[in-house]
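Just work-v1.pdb here, PDB, C-alpha atoms:
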```pdb
ATOM      1  CA  MET A   1      -1.183  10.683  41.054
ATOM      2  CA  GLY A   2      -3.105   8.158  38.998
ATOM      3  CA  ASN A   3      -5.623   5.463  39.582
ATOM      4  CA  LYS A   4      -4.752   1.765  39.689
ATOM      5  CA  TYR A   5      -4.493   1.773  35.846
ATOM      6  CA  GLY A   6      -1.964   4.592  35.750
ATOM      7  CA  TYR A   7      -4.434   7.109  34.344
ATOM      8  CA  ASN A   8      -4.297  10.488  35.996
ATOM      9  CA  GLY A   9      -7.079  12.151  34.029
ATOM     10  CA  ALA A  10      -4.804  14.281  31.835
ATOM     11  CA  GLY A  11      -5.585  14.370  28.126
ATOM     12  CA  GLY A  12      -3.253  13.061  25.389
ATOM     13  CA  GLY A  13      -2.024  16.511  24.394
ATOM     14  CA  HIS A  14       1.044  17.153  22.281
ATOM     15  CA  GLY A  15       3.730  14.513  22.484
ATOM     16  CA  GLY A  16       1.464  12.165  24.414
ATOM     17  CA  TYR A  17       0.361   8.720  23.357
ATOM     18  CA  GLY A  18      -2.084  10.090  20.798
ATOM     19  CA  GLY A  19       0.517  12.202  18.991
ATOM     20  CA  ASN A  20       3.069   9.427  18.669
ATOM     21  CA  ASN A  21       0.436   6.985  17.519
ATOM     22  CA  MET A  22      -0.806   9.400  14.864
ATOM     23  CA  GLN A  23       2.734  10.002  13.600
ATOM     24  CA  SER A  24       3.271   6.263  13.358
ATOM     25  CA  LEU A  25       0.018   5.819  11.424
ATOM     26  CA  MET A  26       0.933   8.633   9.034
ATOM     27  CA  LYS A  27       4.359   7.110   8.428
ATOM     28  CA  GLN A  28       2.794   3.700   7.740
ATOM     29  CA  ALA A  29       0.292   5.279   5.346
ATOM     30  CA  GLN A  30       3.104   7.025   3.446
ATOM     31  CA  GLN A  31       5.069   3.764   3.213
ATOM     32  CA  MET A  32       1.982   1.925   1.979
ATOM     33  CA  GLN A  33       1.337   4.621  -0.629
ATOM     34  CA  GLN A  34       4.946   4.368  -1.842
ATOM     35  CA  LYS A  35       4.681   0.572  -2.145
ATOM     36  CA  LEU A  36       1.386   0.918  -4.006
ATOM     37  CA  GLN A  37       2.941   3.352  -6.487
ATOM     38  CA  GLU A  38       5.865   0.960  -7.013
ATOM     39  CA  ALA A  39       3.484  -1.944  -7.669
ATOM     40  CA  GLN A  40       1.488   0.140 -10.157
ATOM     41  CA  GLN A  41       4.713   1.149 -11.940
ATOM     42  CA  GLU A  42       5.757  -2.498 -12.126
ATOM     43  CA  LEU A  43       2.406  -3.382 -13.726
ATOM     44  CA  GLU A  44       2.867  -0.587 -16.257
ATOM     45  CA  GLU A  45       6.338  -1.843 -17.249
ATOM     46  CA  MET A  46       5.748  -5.610 -17.421
ATOM     47  CA  GLU A  47       5.007  -7.359 -20.690
ATOM     48  CA  LEU A  48       2.818 -10.462 -20.836
ATOM     49  CA  VAL A  49       2.265 -12.542 -23.956
ATOM     50  CA  GLY A  50      -1.032 -14.264 -24.636
ATOM     51  CA  MET A  51      -1.126 -16.984 -27.288
ATOM     52  CA  ALA A  52      -3.660 -18.860 -29.322
ATOM     53  CA  SER A  53      -3.348 -22.007 -31.407
ATOM     54  CA  GLY A  54       0.129 -22.871 -30.186
ATOM     55  CA  GLY A  55       1.540 -19.414 -30.835
ATOM     56  CA  LEU A  56       0.093 -18.759 -34.296
ATOM     57  CA  VAL A  57      -1.290 -15.565 -32.807
ATOM     58  CA  GLN A  58       0.473 -13.713 -30.002
ATOM     59  CA  VAL A  59      -0.687 -10.589 -28.213
ATOM     60  CA  THR A  60       1.571  -8.661 -25.846
ATOM     61  CA  VAL A  61       0.005  -6.516 -23.120
ATOM     62  CA  ASN A  62       1.335  -4.702 -20.091
ATOM     63  CA  GLY A  63       0.082  -5.336 -16.560
ATOM     64  CA  LYS A  64      -2.455  -2.538 -16.999
ATOM     65  CA  ARG A  65      -3.949  -4.489 -19.939
ATOM     66  CA  SER A  66      -2.891  -2.115 -22.698
ATOM     67  CA  VAL A  67      -2.186  -4.001 -25.922
ATOM     68  CA  LEU A  68       1.433  -3.384 -26.924
ATOM     69  CA  ALA A  69       1.848  -5.727 -29.905
ATOM     70  CA  VAL A  70       0.084  -8.305 -32.070
ATOM     71  CA  LYS A  71       2.046 -10.960 -33.934
ATOM     72  CA  ILE A  72       0.381 -13.280 -36.463
ATOM     73  CA  GLN A  73       2.183 -16.168 -38.122
ATOM     74  CA  PRO A  74       1.528 -16.459 -41.893
ATOM     75  CA  GLN A  75      -0.026 -19.925 -41.569
ATOM     76  CA  ALA A  76      -2.794 -18.376 -39.417
ATOM     77  CA  CYS A  77      -3.922 -16.270 -42.393
ATOM     78  CA  ASP A  78      -6.380 -18.326 -44.405
ATOM     79  CA  PRO A  79      -8.270 -15.953 -46.718
ATOM     80  CA  ASP A  80     -11.142 -18.452 -46.855
ATOM     81  CA  ASP A  81     -11.496 -18.476 -43.056
ATOM     82  CA  VAL A  82     -11.091 -14.937 -41.713
ATOM     83  CA  GLU A  83     -13.409 -15.768 -38.808
ATOM     84  CA  MET A  84     -10.875 -18.281 -37.487
ATOM     85  CA  LEU A  85      -8.163 -15.604 -37.433
ATOM     86  CA  GLU A  86     -10.506 -13.220 -35.647
ATOM     87  CA  ASP A  87     -11.237 -15.907 -33.052
ATOM     88  CA  LEU A  88      -7.525 -16.585 -32.584
ATOM     89  CA  ILE A  89      -6.833 -12.885 -32.020
ATOM     90  CA  LEU A  90      -9.593 -12.671 -29.421
ATOM     91  CA  ALA A  91      -8.340 -15.820 -27.707
ATOM     92  CA  ALA A  92      -4.788 -14.431 -27.556
ATOM     93  CA  ILE A  93      -6.013 -11.111 -26.150
ATOM     94  CA  ASN A  94      -8.085 -12.867 -23.514
ATOM     95  CA  ASP A  95      -5.122 -15.087 -22.596
ATOM     96  CA  ALA A  96      -2.871 -12.037 -22.212
ATOM     97  CA  TYR A  97      -5.513 -10.205 -20.155
ATOM     98  CA  SER A  98      -5.883 -13.224 -17.892
ATOM     99  CA  LYS A  99      -2.125 -13.223 -17.260
ATOM    100  CA  ALA A 100      -2.180  -9.479 -16.599
ATOM    101  CA  GLN A 101      -5.047  -9.905 -14.119
ATOM    102  CA  ALA A 102      -3.127 -12.633 -12.289
ATOM    103  CA  GLU A 103      -0.077 -10.369 -12.011
ATOM    104  CA  GLU A 104      -2.200  -7.457 -10.812
ATOM    105  CA  ASP A 105      -3.842  -9.677  -8.191
ATOM    106  CA  ARG A 106      -0.411 -10.886  -7.028
ATOM    107  CA  LEU A 107       1.096  -7.399  -6.793
ATOM    108  CA  MET A 108      -1.953  -5.759  -5.257
ATOM    109  CA  ALA A 109      -2.727  -8.475  -2.673
ATOM    110  CA  PRO A 110      -1.004  -6.535   0.135
ATOM    111  CA  PHE A 111      -3.305  -3.581  -0.593
ATOM    112  CA  GLY A 112      -6.556  -5.567  -0.541
ATOM    113  CA  ALA A 113      -8.408  -3.234   1.807
ATOM    114  CA  MET A 114      -7.393  -0.236  -0.295
ATOM    115  CA  LYS A 115      -8.423  -1.753  -3.646
ATOM    116  CA  GLY A 116     -11.820  -0.061  -3.601
ATOM    117  CA  LEU A 117     -10.137   3.305  -3.111
ATOM    118  CA  MET A 118      -7.923   3.052  -6.220
TER
END
```

Spit out the file's structure as structure tokens when you get a sec.
Amino acid sequence: MGNKYGYNGAGGGHGGYGGNNMQSLMKQAQQMQQKLQEAQQELEEMELVGMASGGLVQVTVNGKRSVLAVKIQPQACDPDDVEMLEDLILAAINDAYSKAQAEEDRLMAPFGAMKGLM
């Protein structure tokens, strides 16, 4: 016999509301972890190209911001102006990193609350 709210004073126990709720939470956590791992794998596999000076210098990175390749067109190589080439390389790297950050933000948005835990 319960009170007007249906509570009879018995605890949650096994198989009660608490157990089912905990199972559901655990299942959701496992699904979220799987999705997070898939998103991280996608970042690892993607290739993003940053460019400077209309493509004279191109830098390819993955979504984790590891540099995979650097391509420099011959007309970017002026032996009298090495500093310009250095600046173009930095600009291309920064462009590629910016694209990688945007992709990471897009893929990780559903895990916003967990971001500090990664």

How would you write, as a list in words, the residues chosen by the PyMOL selection byres ((chain A and resi 90) around 12) on this structure?
Gly50, Met51, Ala52, Ser53, Val57, Gln58, Val59, Val67, Val70, Glu83, Met84, Leu85, Glu86, Asp87, Leu88, Ile89, Ala91, Ala92, Ile93, Asn94, Asp95, Ala96 and Tyr97 of chain A

Between CA of Ile72 in chain A and CA of Asp105 in chain A, what is the spacing in Å?
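Going from CA of Asp105 in chain A over to CA of Ile72 in chain A covers 28.8 Å.
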
Starting from the shown file, work through the PyMOL selection byres ((chain A and resi 68) around 10) and note down what comes out as a PyMOL selection string.
chain A and resi 47-49+59-62+65-67+69-70

Expand the PyMOL selection byres ((chain A and resi 40) around 9) into the explicit residue set it covers here, and present it as a PyMOL selection string.
chain A and resi 35-39+41-45+63-64+104+107-108

Could you work out how far CA of Leu25 in chain A lies from CA of Ala109 in chain A, giving the answer in Å with one decimal?
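Interatomic distance here is 20.3 Å.
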
Edge lengths and centre in Å to one decimal, as AutoDock Vina command-line options, of the axis-aligned box that encloses all listed atoms of range 82-100 of chain A with 5 Å added on every side?
```
--center_x -7.8 --center_y -13.9 --center_z -29.2 --size_x 21.3 --size_y 18.8 --size_z 35.1
```

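Interatomic distance, CA of Gly55 in chain A to CA of Cys77 in chain A: 13.2 Å.
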